[in-house]
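**Q** What follows is upload_25.cif, made up of mmCIF, C-alpha atoms:
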```
data_start
loop_
_atom_site.group_PDB
_atom_site.id
_atom_site.type_symbol
_atom_site.label_atom_id
_atom_site.label_comp_id
_atom_site.auth_asym_id
_atom_site.auth_seq_id
_atom_site.Cartn_x
_atom_site.Cartn_y
_atom_site.Cartn_z
ATOM 1 C CA MET A 112 -10.014 -17.471 23.753
ATOM 2 C CA GLU A 113 -10.870 -18.684 20.283
ATOM 3 C CA PRO A 114 -7.976 -18.177 17.900
ATOM 4 C CA ILE A 115 -8.454 -16.174 14.711
ATOM 5 C CA SER A 116 -7.446 -17.844 11.485
ATOM 6 C CA ILE A 117 -8.245 -16.096 8.202
ATOM 7 C CA GLU A 118 -7.020 -17.168 4.786
ATOM 8 C CA GLY A 119 -5.521 -14.399 2.687
ATOM 9 C CA THR A 120 -7.037 -13.114 -0.555
ATOM 10 C CA THR A 121 -5.629 -10.856 -3.272
ATOM 11 C CA LYS A 122 -6.778 -7.864 -1.213
ATOM 12 C CA THR A 123 -6.701 -9.018 2.410
ATOM 13 C CA PRO A 124 -3.961 -10.657 4.471
ATOM 14 C CA THR A 125 -3.618 -14.060 6.086
ATOM 15 C CA VAL A 126 -4.256 -13.587 9.794
ATOM 16 C CA LYS A 127 -3.409 -15.893 12.680
ATOM 17 C CA PHE A 128 -4.012 -14.736 16.232
ATOM 18 C CA ASP A 129 -3.466 -17.371 18.909
ATOM 19 C CA ALA A 130 -3.898 -16.527 22.595
ATOM 20 C CA GLY A 131 -2.575 -19.961 23.620
ATOM 21 C CA SER A 132 0.875 -19.373 22.153
ATOM 22 C CA GLY A 133 0.889 -15.570 22.228
ATOM 23 C CA LYS A 134 1.570 -15.489 18.495
ATOM 24 C CA ILE A 135 0.050 -12.807 16.308
ATOM 25 C CA GLU A 136 0.617 -12.916 12.561
ATOM 26 C CA ILE A 137 -0.486 -10.696 9.657
ATOM 27 C CA LYS A 138 0.889 -11.634 6.288
ATOM 28 C CA GLY A 139 0.289 -10.883 2.604
ATOM 29 C CA ARG A 140 -1.634 -7.989 1.090
ATOM 30 C CA SER A 141 -3.870 -5.504 2.764
ATOM 31 C CA ILE A 142 -5.489 -3.291 0.167
ATOM 32 C CA PRO A 143 -9.278 -3.437 0.677
ATOM 33 C CA GLU A 144 -11.340 -0.328 -0.212
ATOM 34 C CA ASN A 145 -12.695 -0.311 3.300
ATOM 35 C CA SER A 146 -10.313 -1.762 5.802
ATOM 36 C CA ILE A 147 -12.363 -1.076 8.947
ATOM 37 C CA GLU A 148 -14.646 -4.005 8.198
ATOM 38 C CA PHE A 149 -11.667 -6.334 7.997
ATOM 39 C CA TYR A 150 -9.700 -5.052 10.983
ATOM 40 C CA LYS A 151 -12.473 -4.400 13.507
ATOM 41 C CA PRO A 152 -12.687 -8.052 14.664
ATOM 42 C CA LEU A 153 -8.897 -8.171 14.999
ATOM 43 C CA VAL A 154 -8.788 -5.060 17.163
ATOM 44 C CA ASP A 155 -11.672 -6.404 19.267
ATOM 45 C CA TRP A 156 -9.867 -9.719 19.725
ATOM 46 C CA LEU A 157 -6.720 -7.933 20.946
ATOM 47 C CA GLU A 158 -8.761 -5.875 23.370
ATOM 48 C CA GLU A 159 -10.066 -9.099 24.878
ATOM 49 C CA TYR A 160 -6.607 -10.706 24.827
ATOM 50 C CA ALA A 161 -5.168 -7.658 26.619
ATOM 51 C CA LYS A 162 -7.188 -8.587 29.708
ATOM 52 C CA GLY A 163 -5.052 -11.669 30.280
ATOM 53 C CA PRO A 164 -2.105 -11.782 27.900
ATOM 54 C CA LEU A 165 0.793 -14.231 28.026
ATOM 55 C CA ASP A 166 4.074 -13.013 29.508
ATOM 56 C CA LYS A 167 5.390 -12.829 25.990
ATOM 57 C CA THR A 168 3.479 -11.883 22.840
ATOM 58 C CA SER A 169 5.299 -12.070 19.559
ATOM 59 C CA VAL A 170 3.952 -10.333 16.520
ATOM 60 C CA ASN A 171 4.947 -11.012 12.926
ATOM 61 C CA VAL A 172 3.892 -8.532 10.277
ATOM 62 C CA GLN A 173 4.947 -9.464 6.775
ATOM 63 C CA LEU A 174 3.120 -7.381 4.227
ATOM 64 C CA GLU A 175 3.780 -7.225 0.538
ATOM 65 C CA TYR A 176 1.445 -4.280 -0.020
ATOM 66 C CA PHE A 177 -0.808 -2.234 2.176
ATOM 67 C CA ASN A 178 -2.939 0.777 1.340
ATOM 68 C CA THR A 179 -3.415 3.946 3.370
ATOM 69 C CA SER A 180 -6.837 2.805 4.523
ATOM 70 C CA SER A 181 -5.171 -0.246 6.121
ATOM 71 C CA SER A 182 -2.335 1.814 7.542
ATOM 72 C CA LYS A 183 -4.663 3.383 10.108
ATOM 73 C CA CYS A 184 -6.159 0.047 11.050
ATOM 74 C CA ILE A 185 -2.705 -1.462 11.477
ATOM 75 C CA LEU A 186 -1.911 1.441 13.795
ATOM 76 C CA ASP A 187 -5.028 0.533 15.813
ATOM 77 C CA VAL A 188 -3.761 -3.039 16.076
ATOM 78 C CA PHE A 189 -0.382 -1.771 17.265
ATOM 79 C CA LYS A 190 -2.011 0.558 19.813
ATOM 80 C CA LYS A 191 -3.669 -2.464 21.414
ATOM 81 C CA LEU A 192 -0.277 -4.163 21.551
ATOM 82 C CA GLU A 193 1.214 -1.030 23.072
ATOM 83 C CA ALA A 194 -1.337 -1.215 25.885
ATOM 84 C CA ILE A 195 -0.306 -4.826 26.566
ATOM 85 C CA HIS A 196 3.336 -3.778 26.629
ATOM 86 C CA LYS A 197 2.593 -0.841 28.900
ATOM 87 C CA ALA A 198 1.005 -3.249 31.396
ATOM 88 C CA LYS A 199 4.464 -4.828 31.835
ATOM 89 C CA ASN A 200 4.145 -7.740 29.437
ATOM 90 C CA GLU A 201 6.755 -8.512 26.852
ATOM 91 C CA VAL A 202 5.728 -7.641 23.303
ATOM 92 C CA VAL A 203 7.926 -7.700 20.212
ATOM 93 C CA ILE A 204 6.826 -6.633 16.748
ATOM 94 C CA ASN A 205 8.820 -8.257 13.952
ATOM 95 C CA TRP A 206 8.374 -6.136 10.833
ATOM 96 C CA TYR A 207 9.401 -8.060 7.728
ATOM 97 C CA TYR A 208 10.214 -6.382 4.433
ATOM 98 C CA GLU A 209 11.490 -7.729 1.160
ATOM 99 C CA GLU A 210 15.008 -7.018 -0.001
ATOM 100 C CA ASP A 211 15.243 -3.496 -1.509
ATOM 101 C CA ASP A 212 11.717 -2.572 -0.442
ATOM 102 C CA GLU A 213 12.690 0.706 1.186
ATOM 103 C CA ASP A 214 9.089 1.912 1.221
ATOM 104 C CA MET A 215 8.072 -1.038 3.390
ATOM 105 C CA LEU A 216 11.055 -0.555 5.702
ATOM 106 C CA GLU A 217 10.176 3.135 6.070
ATOM 107 C CA ALA A 218 6.567 2.237 6.806
ATOM 108 C CA GLY A 219 7.798 0.030 9.641
ATOM 109 C CA GLU A 220 9.987 2.830 10.943
ATOM 110 C CA ASP A 221 7.003 5.188 10.889
ATOM 111 C CA TYR A 222 5.133 2.836 13.202
ATOM 112 C CA GLU A 223 8.185 2.316 15.366
ATOM 113 C CA SER A 224 8.387 6.074 15.949
ATOM 114 C CA ILE A 225 4.714 6.298 16.954
ATOM 115 C CA ILE A 226 4.219 3.108 18.977
ATOM 116 C CA ARG A 227 6.131 2.394 22.181
ATOM 117 C CA VAL A 228 6.798 -1.280 21.595
ATOM 118 C CA PRO A 229 10.154 -2.789 20.564
ATOM 119 C CA PHE A 230 10.308 -3.362 16.803
ATOM 120 C CA LYS A 231 12.651 -5.615 14.906
ATOM 121 C CA MET A 232 13.127 -4.802 11.231
ATOM 122 C CA ILE A 233 13.837 -7.990 9.365
ATOM 123 C CA GLU A 234 14.894 -8.054 5.742
ATOM 124 C CA ILE A 235 13.752 -11.093 3.782
ATOM 125 C CA VAL A 236 16.600 -12.094 1.504
ATOM 126 C CA GLU A 237 15.693 -14.458 -1.294
ATOM 127 C CA MET B 267 -17.514 25.610 -24.665
ATOM 128 C CA SER B 268 -17.458 22.938 -22.022
ATOM 129 C CA PHE B 269 -14.543 20.640 -21.422
ATOM 130 C CA ASP B 270 -14.625 17.520 -23.625
ATOM 131 C CA VAL B 271 -13.843 14.574 -21.373
ATOM 132 C CA HIS B 272 -13.820 12.022 -24.170
ATOM 133 C CA GLU B 273 -11.427 14.010 -26.315
ATOM 134 C CA TYR B 274 -9.179 14.503 -23.313
ATOM 135 C CA PHE B 275 -9.256 10.775 -22.635
ATOM 136 C CA SER B 276 -8.184 9.939 -26.184
ATOM 137 C CA LYS B 277 -5.297 12.401 -25.922
ATOM 138 C CA LEU B 278 -4.035 10.596 -22.835
ATOM 139 C CA ASN B 279 -4.068 7.404 -24.814
ATOM 140 C CA GLY B 280 -0.601 7.909 -26.316
ATOM 141 C CA GLY B 281 2.697 6.092 -25.770
ATOM 142 C CA ASP B 282 2.903 2.623 -24.342
ATOM 143 C CA VAL B 283 -0.484 2.256 -22.668
ATOM 144 C CA LEU B 284 -0.900 -0.512 -20.112
ATOM 145 C CA VAL B 285 -4.469 0.235 -19.120
ATOM 146 C CA ALA B 286 -6.992 2.795 -20.368
ATOM 147 C CA TYR B 287 -10.467 2.925 -18.914
ATOM 148 C CA LYS B 288 -13.388 5.291 -18.741
ATOM 149 C CA GLY B 289 -16.593 4.456 -16.962
ATOM 150 C CA SER B 290 -17.892 3.475 -13.538
ATOM 151 C CA ILE B 291 -15.256 3.094 -10.863
ATOM 152 C CA THR B 292 -16.419 0.058 -8.905
ATOM 153 C CA THR B 293 -14.732 -2.474 -6.654
ATOM 154 C CA ASP B 294 -14.799 -5.025 -9.484
ATOM 155 C CA LEU B 295 -13.153 -2.580 -11.856
ATOM 156 C CA ILE B 296 -10.408 -1.878 -9.316
ATOM 157 C CA ASN B 297 -9.788 -5.605 -8.877
ATOM 158 C CA ASN B 298 -9.620 -6.182 -12.616
ATOM 159 C CA VAL B 299 -7.255 -3.286 -13.261
ATOM 160 C CA LEU B 300 -4.902 -4.336 -10.461
ATOM 161 C CA GLU B 301 -4.803 -7.883 -11.759
ATOM 162 C CA GLU B 302 -4.170 -6.754 -15.300
ATOM 163 C CA ILE B 303 -1.369 -4.367 -14.353
ATOM 164 C CA GLU B 304 0.303 -6.985 -12.229
ATOM 165 C CA GLU B 305 0.255 -9.487 -15.083
ATOM 166 C CA LYS B 306 1.572 -6.936 -17.566
ATOM 167 C CA MET B 307 4.415 -5.806 -15.331
ATOM 168 C CA ASP B 308 5.393 -9.373 -14.467
ATOM 169 C CA GLY B 309 5.522 -10.091 -18.173
ATOM 170 C CA ALA B 310 7.540 -6.941 -18.899
ATOM 171 C CA ASP B 311 10.506 -8.022 -16.787
ATOM 172 C CA GLU B 312 10.394 -4.747 -14.847
ATOM 173 C CA GLN B 313 12.480 -4.189 -11.686
ATOM 174 C CA ALA B 314 10.708 -5.430 -8.566
ATOM 175 C CA LYS B 315 11.139 -2.052 -6.908
ATOM 176 C CA ILE B 316 9.397 -0.136 -9.707
ATOM 177 C CA LYS B 317 6.676 -2.747 -10.002
ATOM 178 C CA LYS B 318 5.868 -2.325 -6.334
ATOM 179 C CA LYS B 319 5.792 1.443 -6.543
ATOM 180 C CA VAL B 320 3.523 1.427 -9.575
ATOM 181 C CA TYR B 321 1.204 -1.077 -7.935
ATOM 182 C CA ASN B 322 1.099 0.836 -4.656
ATOM 183 C CA VAL B 323 0.445 4.175 -6.314
ATOM 184 C CA LEU B 324 -2.190 2.628 -8.553
ATOM 185 C CA VAL B 325 -4.027 1.187 -5.548
ATOM 186 C CA GLU B 326 -4.097 4.609 -3.882
ATOM 187 C CA SER B 327 -5.091 6.407 -7.092
ATOM 188 C CA LEU B 328 -7.973 4.035 -7.784
ATOM 189 C CA GLN B 329 -9.193 4.045 -4.226
ATOM 190 C CA ASN B 330 -9.005 7.837 -4.111
ATOM 191 C CA LEU B 331 -11.249 7.851 -7.168
ATOM 192 C CA TYR B 332 -13.557 5.285 -5.632
ATOM 193 C CA HIS B 333 -13.957 7.244 -2.408
ATOM 194 C CA HIS B 334 -14.183 10.760 -3.840
ATOM 195 C CA ILE B 335 -16.036 10.606 -7.148
ATOM 196 C CA GLU B 336 -18.989 12.929 -7.263
ATOM 197 C CA GLU B 337 -22.164 12.164 -9.157
ATOM 198 C CA LEU B 338 -23.219 14.732 -11.714
ATOM 199 C CA PRO B 339 -26.713 16.142 -11.293
ATOM 200 C CA ASP B 340 -29.310 14.386 -13.501
ATOM 201 C CA LYS B 341 -29.493 17.076 -16.150
ATOM 202 C CA LEU B 342 -25.747 16.818 -16.873
ATOM 203 C CA LYS B 343 -25.526 13.107 -16.491
ATOM 204 C CA SER B 344 -26.740 11.863 -19.875
ATOM 205 C CA ASP B 345 -23.281 11.173 -21.353
ATOM 206 C CA PHE B 346 -21.776 9.516 -18.318
ATOM 207 C CA GLU B 347 -22.293 6.414 -16.280
ATOM 208 C CA SER B 348 -22.730 6.738 -12.571
ATOM 209 C CA LYS B 349 -19.466 6.988 -10.573
ATOM 210 C CA PHE B 350 -17.756 8.037 -13.793
ATOM 211 C CA GLY B 351 -14.000 8.279 -13.806
ATOM 212 C CA ILE B 352 -11.060 7.770 -16.128
ATOM 213 C CA LEU B 353 -7.792 5.948 -15.678
ATOM 214 C CA VAL B 354 -4.800 5.674 -17.990
ATOM 215 C CA VAL B 355 -1.576 3.921 -17.020
ATOM 216 C CA SER B 356 1.204 4.408 -19.531
ATOM 217 C CA ARG B 357 4.928 4.038 -19.852
ATOM 218 C CA LYS B 358 7.458 6.145 -21.699
ATOM 219 C CA GLY B 359 11.016 4.879 -21.380
ATOM 220 C CA ASP B 360 11.637 4.467 -17.683
ATOM 221 C CA ASN B 361 8.726 6.632 -16.655
ATOM 222 C CA TYR B 362 5.313 5.408 -15.656
ATOM 223 C CA ARG B 363 2.402 7.807 -15.629
ATOM 224 C CA ILE B 364 -0.865 7.199 -13.853
ATOM 225 C CA SER B 365 -3.595 9.618 -14.917
ATOM 226 C CA THR B 366 -6.938 9.704 -13.203
ATOM 227 C CA GLY B 367 -9.901 11.993 -13.691
ATOM 228 C CA ASN B 368 -13.284 12.629 -12.163
ATOM 229 C CA PHE B 369 -15.962 15.278 -11.874
ATOM 230 C CA ILE B 370 -15.906 17.621 -8.938
ATOM 231 C CA SER B 371 -18.218 20.410 -7.833
ATOM 232 C CA SER B 372 -16.738 23.894 -7.661
ATOM 233 C CA GLU B 373 -17.086 24.257 -3.903
ATOM 234 C CA LYS B 374 -14.708 21.342 -3.329
ATOM 235 C CA ILE B 375 -11.972 22.603 -5.622
ATOM 236 C CA LYS B 376 -10.339 24.963 -3.182
ATOM 237 C CA PHE B 377 -9.895 22.326 -0.497
ATOM 238 C CA LEU B 378 -8.386 19.844 -2.942
ATOM 239 C CA LYS B 379 -6.186 22.404 -4.685
ATOM 240 C CA ASP B 380 -4.857 23.714 -1.361
ATOM 241 C CA LYS B 381 -4.124 20.186 -0.238
ATOM 242 C CA ILE B 382 -2.193 19.284 -3.401
ATOM 243 C CA ASP B 383 -0.303 22.596 -3.435
ATOM 244 C CA LYS B 384 0.660 22.051 0.183
ATOM 245 C CA ILE B 385 1.882 18.505 -0.570
ATOM 246 C CA ASN B 386 3.843 19.769 -3.585
ATOM 247 C CA SER B 387 5.572 22.404 -1.459
ATOM 248 C CA LEU B 388 6.976 19.888 1.030
ATOM 249 C CA SER B 389 10.332 18.102 1.078
ATOM 250 C CA GLY B 390 10.602 14.337 1.504
ATOM 251 C CA ASP B 391 11.158 14.647 5.254
ATOM 252 C CA GLU B 392 8.254 17.061 5.636
ATOM 253 C CA LEU B 393 5.997 14.648 3.732
ATOM 254 C CA LYS B 394 7.041 11.889 6.090
ATOM 255 C CA ASP B 395 6.104 14.060 9.071
ATOM 256 C CA MET B 396 2.775 15.000 7.490
ATOM 257 C CA TYR B 397 2.029 11.337 6.798
ATOM 258 C CA LYS B 398 2.788 10.339 10.368
ATOM 259 C CA PHE B 399 0.751 13.202 11.769
ATOM 260 C CA ILE B 400 -2.346 12.306 9.741
ATOM 261 C CA LEU B 401 -1.853 8.618 10.457
ATOM 262 C CA ASN B 402 -1.780 9.232 14.176
ATOM 263 C CA HIS B 403 -4.372 12.007 14.528
ATOM 264 C CA GLN B 404 -7.085 11.670 11.917
ATOM 265 C CA LYS B 405 -9.918 9.161 12.082
ATOM 266 C CA LEU B 406 -10.910 7.044 9.100
ATOM 267 C CA SER B 407 -14.103 8.127 7.395
ATOM 268 C CA ALA B 408 -17.020 5.703 7.288
ATOM 269 C CA LYS B 409 -16.031 4.865 3.721
ATOM 270 C CA GLY B 410 -12.538 3.951 4.834
ATOM 271 C CA GLY B 411 -10.673 6.930 3.399
ATOM 272 C CA GLY B 412 -8.152 8.555 5.651
ATOM 273 C CA GLY B 413 -6.841 11.641 3.875
ATOM 274 C CA LEU B 414 -3.498 9.892 3.419
ATOM 275 C CA GLY B 415 -3.714 8.790 -0.203
ATOM 276 C CA LEU B 416 -2.191 11.834 -1.910
ATOM 277 C CA VAL B 417 0.486 12.254 0.757
ATOM 278 C CA ASP B 418 1.441 8.618 0.334
ATOM 279 C CA ILE B 419 1.574 8.945 -3.457
ATOM 280 C CA ALA B 420 3.811 12.022 -3.262
ATOM 281 C CA ARG B 421 6.046 10.350 -0.728
ATOM 282 C CA LYS B 422 6.452 7.100 -2.631
ATOM 283 C CA THR B 423 7.021 8.672 -6.042
ATOM 284 C CA GLY B 424 9.184 11.580 -4.885
ATOM 285 C CA ASN B 425 7.529 13.620 -7.644
ATOM 286 C CA LYS B 426 5.165 16.575 -7.684
ATOM 287 C CA LEU B 427 1.482 15.871 -8.288
ATOM 288 C CA GLU B 428 0.357 17.474 -11.549
ATOM 289 C CA TYR B 429 -3.263 18.472 -11.867
ATOM 290 C CA THR B 430 -5.830 20.495 -13.746
ATOM 291 C CA PHE B 431 -9.423 21.502 -13.103
ATOM 292 C CA GLN B 432 -11.274 21.957 -16.396
ATOM 293 C CA HIS B 433 -14.665 23.553 -16.455
ATOM 294 C CA TYR B 434 -17.384 21.174 -17.611
ATOM 295 C CA GLN B 435 -20.789 22.726 -17.078
ATOM 296 C CA ASP B 436 -22.524 24.835 -14.452
ATOM 297 C CA ASP B 437 -20.799 24.211 -11.142
ATOM 298 C CA TYR B 438 -19.003 21.120 -12.333
ATOM 299 C CA TYR B 439 -15.367 20.694 -13.223
ATOM 300 C CA PHE B 440 -13.256 17.774 -14.360
ATOM 301 C CA PHE B 441 -10.314 17.095 -12.100
ATOM 302 C CA ASN B 442 -7.305 15.420 -13.673
ATOM 303 C CA LEU B 443 -4.332 14.153 -11.712
ATOM 304 C CA ASP B 444 -1.078 12.928 -13.275
ATOM 305 C CA VAL B 445 1.363 10.988 -11.169
ATOM 306 C CA TYR B 446 4.818 10.023 -12.416
ATOM 307 C CA ILE B 447 6.922 7.146 -11.186
ATOM 308 C CA ASN B 448 10.511 6.803 -12.316
ATOM 309 C CA GLU B 449 13.522 4.659 -11.591
ATOM 310 C CA GLU B 450 15.630 7.251 -9.783
ATOM 311 C CA ASN B 451 13.253 7.764 -6.917
#
```
When written as C-alpha cells, how does the structure in this file appear?
**A**
Amino acid sequence: MEPISIEGTTKTPTVKFDAGSGKIEIKGRSIPENSIEFYKPLVDWLEEYAKGPLDKTSVNVQLEYFNTSSSKCILDVFKKLEAIHKAKNEVVINWYYEEDDEDMLEAGEDYESIIRVPFKMIEIVE
Amino acid sequence: MSFDVHEYFSKLNGGDVLVAYKGSITTDLINNVLEEIEEKMDGADEQAKIKKKVYNVLVESLQNLYHHIEELPDKLKSDFESKFGILVVSRKGDNYRISTGNFISSEKIKFLKDKIDKINSLSGDELKDMYKFILNHQKLSAKGGGGLGLVDIARKTGNKLEYTFQHYQDDYYFFNLDVYINEEN
C-alpha cells in the first residue's frame, strides 16, 4: 500500500500513514470549514489497510487544535481502527496533549469512552 | 422601526477590542481573523490556557456563522453584502467576549432558541454527555457542520450562551450571540 504523507497547514494537520511500519500519525491543527474533504482519503486508506493490517498498529494523535467538524471525522478514523482491533490485531492510540490543556485531555477521554481500543493519554511537558 | 444592525455593531465596539468586523463571512475572512487574533494574543502575554480557549471558541463561532448565515431576500438586501455577519472580539479585565451576529428567518428561530436554552440548562457533565451523544450519533451535513459547535462552546467556556433575536424586517431577524471566556473556567 502507498503510504500517505501530507504536510500540515495552518488549518489542516500533518498526516503520515505507513502500512509498512504500521504507524499512523496525525499532528498539528485540524480546523478546516469542511473536514470531510480532508479526512475521506484517510478513512478510505484505513479501510484498505484493515484488510491486511500488521500485527501491531500504533497511532499517534497530537493535535494542538481541532474543530467540531473534524471531531466527527476523527471518530470515523478511530472507528476504522476499532475494526482492526476487533479482528484481533494489536492497536494502540497514543493521545498527546500539551501540559495544562485539560480540554484536549477531555477530548481524548471522550473518544476513549466511545471507541473500544486501548488509549494512552500522554502529557507533553515542555 | 426595524433593528439597526450598524448601530448595534458600533455599540459592541467598546472596551479593549481585538477584532471588529462586519461584512461577508468567507473562508479568507476566517483565516485572516484567526491569524490576527493569534498574533495579538501572543503579543499580549496571555496565559496559554486562555489563549487556546479563545482560539477554539473563535473557530467554532466563525464556522457556525459560515455554515448557518442566511441570505436576505433581494428587496431587503441593499444595505448588506452577501453572507453578511458581524464579529467583535473584545477583552475587559480577565474576560474575553466573542460576539457574533447574523440574519435569520423567523421559522428557524424556534429551533435555534430551543437548542440554546437546552444547552444553557445543562450542567458540565450533562453537556459532556450531550456532546458525546451527538458526536457518536449524528452525521455531518454536506457543508461539514455537525450540530456540535454550540455544545462545544458552552462546554469549553463553562458559561451560559447569551443571545437576542431582534426584528429586522418582514420575516427576518438579527441573531446575536455573546460568548464569554474567563480565567476561572
**Q** Check which residues satisfy the PyMOL selection byres ((chain B) within 9 of (chain A)) in the file shown, then give them as an MDAnalysis selection string.
**A** chainID B and resid 293 297 314:315 318:319 321:322 325:326 329 332:333 394 397:398 401:402 404:406 408:415 418 422
**Q** Just C-alpha atoms for this one: save the residues we selected as a PDB file, keeping the file's coordinate frame.
**A**
```pdb
ATOM      1  CA  THR B 293     -14.732  -2.474  -6.654  1.00  0.00           C
ATOM      2  CA  ASN B 297      -9.788  -5.605  -8.877  1.00  0.00           C
ATOM      3  CA  ALA B 314      10.708  -5.430  -8.566  1.00  0.00           C
ATOM      4  CA  LYS B 315      11.139  -2.052  -6.908  1.00  0.00           C
ATOM      5  CA  LYS B 318       5.868  -2.325  -6.334  1.00  0.00           C
ATOM      6  CA  LYS B 319       5.792   1.443  -6.543  1.00  0.00           C
ATOM      7  CA  TYR B 321       1.204  -1.077  -7.935  1.00  0.00           C
ATOM      8  CA  ASN B 322       1.099   0.836  -4.656  1.00  0.00           C
ATOM      9  CA  VAL B 325      -4.027   1.187  -5.548  1.00  0.00           C
ATOM     10  CA  GLU B 326      -4.097   4.609  -3.882  1.00  0.00           C
ATOM     11  CA  GLN B 329      -9.193   4.045  -4.226  1.00  0.00           C
ATOM     12  CA  TYR B 332     -13.557   5.285  -5.632  1.00  0.00           C
ATOM     13  CA  HIS B 333     -13.957   7.244  -2.408  1.00  0.00           C
ATOM     14  CA  LYS B 394       7.041  11.889   6.090  1.00  0.00           C
ATOM     15  CA  TYR B 397       2.029  11.337   6.798  1.00  0.00           C
ATOM     16  CA  LYS B 398       2.788  10.339  10.368  1.00  0.00           C
ATOM     17  CA  LEU B 401      -1.853   8.618  10.457  1.00  0.00           C
ATOM     18  CA  ASN B 402      -1.780   9.232  14.176  1.00  0.00           C
ATOM     19  CA  GLN B 404      -7.085  11.670  11.917  1.00  0.00           C
ATOM     20  CA  LYS B 405      -9.918   9.161  12.082  1.00  0.00           C
ATOM     21  CA  LEU B 406     -10.910   7.044   9.100  1.00  0.00           C
ATOM     22  CA  ALA B 408     -17.020   5.703   7.288  1.00  0.00           C
ATOM     23  CA  LYS B 409     -16.031   4.865   3.721  1.00  0.00           C
ATOM     24  CA  GLY B 410     -12.538   3.951   4.834  1.00  0.00           C
ATOM     25  CA  GLY B 411     -10.673   6.930   3.399  1.00  0.00           C
ATOM     26  CA  GLY B 412      -8.152   8.555   5.651  1.00  0.00           C
ATOM     27  CA  GLY B 413      -6.841  11.641   3.875  1.00  0.00           C
ATOM     28  CA  LEU B 414      -3.498   9.892   3.419  1.00  0.00           C
ATOM     29  CA  GLY B 415      -3.714   8.790  -0.203  1.00  0.00           C
ATOM     30  CA  ASP B 418       1.441   8.618   0.334  1.00  0.00           C
ATOM     31  CA  LYS B 422       6.452   7.100  -2.631  1.00  0.00           C
TER      32      LYS B 422
END
```
**Q** Compare A:Tyr150, A:Lys190, A:Arg140, A:Gly131 by their minimum atom-to-atom distance to A:Leu165, counting only C-alpha atoms, and give me the closest one.
**A**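 Ranked by minimum distance to A:Leu165, first place goes to A:Gly131.
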**Q** Put the listed atoms of stretch 271-281 of chain B in a box along x, y and z with 5 Å added on every side and give me the centre and edge lengths in Å to one decimal, as JSON.
**A**
```
{"center_x": -5.6, "center_y": 10.3, "center_z": -23.8, "size_x": 26.5, "size_y": 18.5, "size_z": 14.9}
```
**Q** Can you list, as a list in words, the residues that the PyMOL selection byres ((chain B and resi 364) around 6) selects here?
**A**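 So the PyMOL selection byres ((chain B and resi 364) around 6) ends up selecting Val354, Val355, Arg363, Ser365, Asp444 and Val445 of chain B.
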**Q** On this structure, the PyMOL selection byres ((chain A and resi 232) around 6) would catch which residues? List them as a list in words, sorted by chain and number.
**A**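 That expression, the PyMOL selection byres ((chain A and resi 232) around 6), corresponds here to Trp206, Lys231 and Ile233 of chain A.
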**Q** Name the residues, using the chain letters and numbers of the file, that sit within 10 Å of (-17.2, 24.2, -8.9) when counting all atoms listed in the file, and give them as a ChimeraX atom specification.
**A** /B:369-376,431-440
**Q** Skipping near chain neighbours, those fewer than 5 positions away, what residues fall within 9 Å of A:Ile204 using only C-alpha atoms, listed as a list of chain:residue names?
**A**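 So the residues in contact are A:Thr168, A:Ser169, A:Val170, A:Asn171, A:Val172, A:Phe189, A:Leu192, A:Val228, A:Pro229, A:Phe230, A:Lys231, A:Met232.
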**Q** Counting all atoms listed in the file, select every polymer residue within 8 Å of (-5.9, -1.1, -15.6) as defined in the file's coordinates, and provide the selection as a PyMOL selection string.
**A** chain B and resi 284-287+296+298-303+353-355
**Q** By how many Å are atom CA of B:Ser327 and atom CA of B:Asp380 apart?
**A**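 Interatomic distance here is 18.2 Å.
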**Q** Figure out the distance between atom CA of B:Lys358 and atom CA of B:Asp282, please, to one decimal in Å.
**A** 6.3 Å
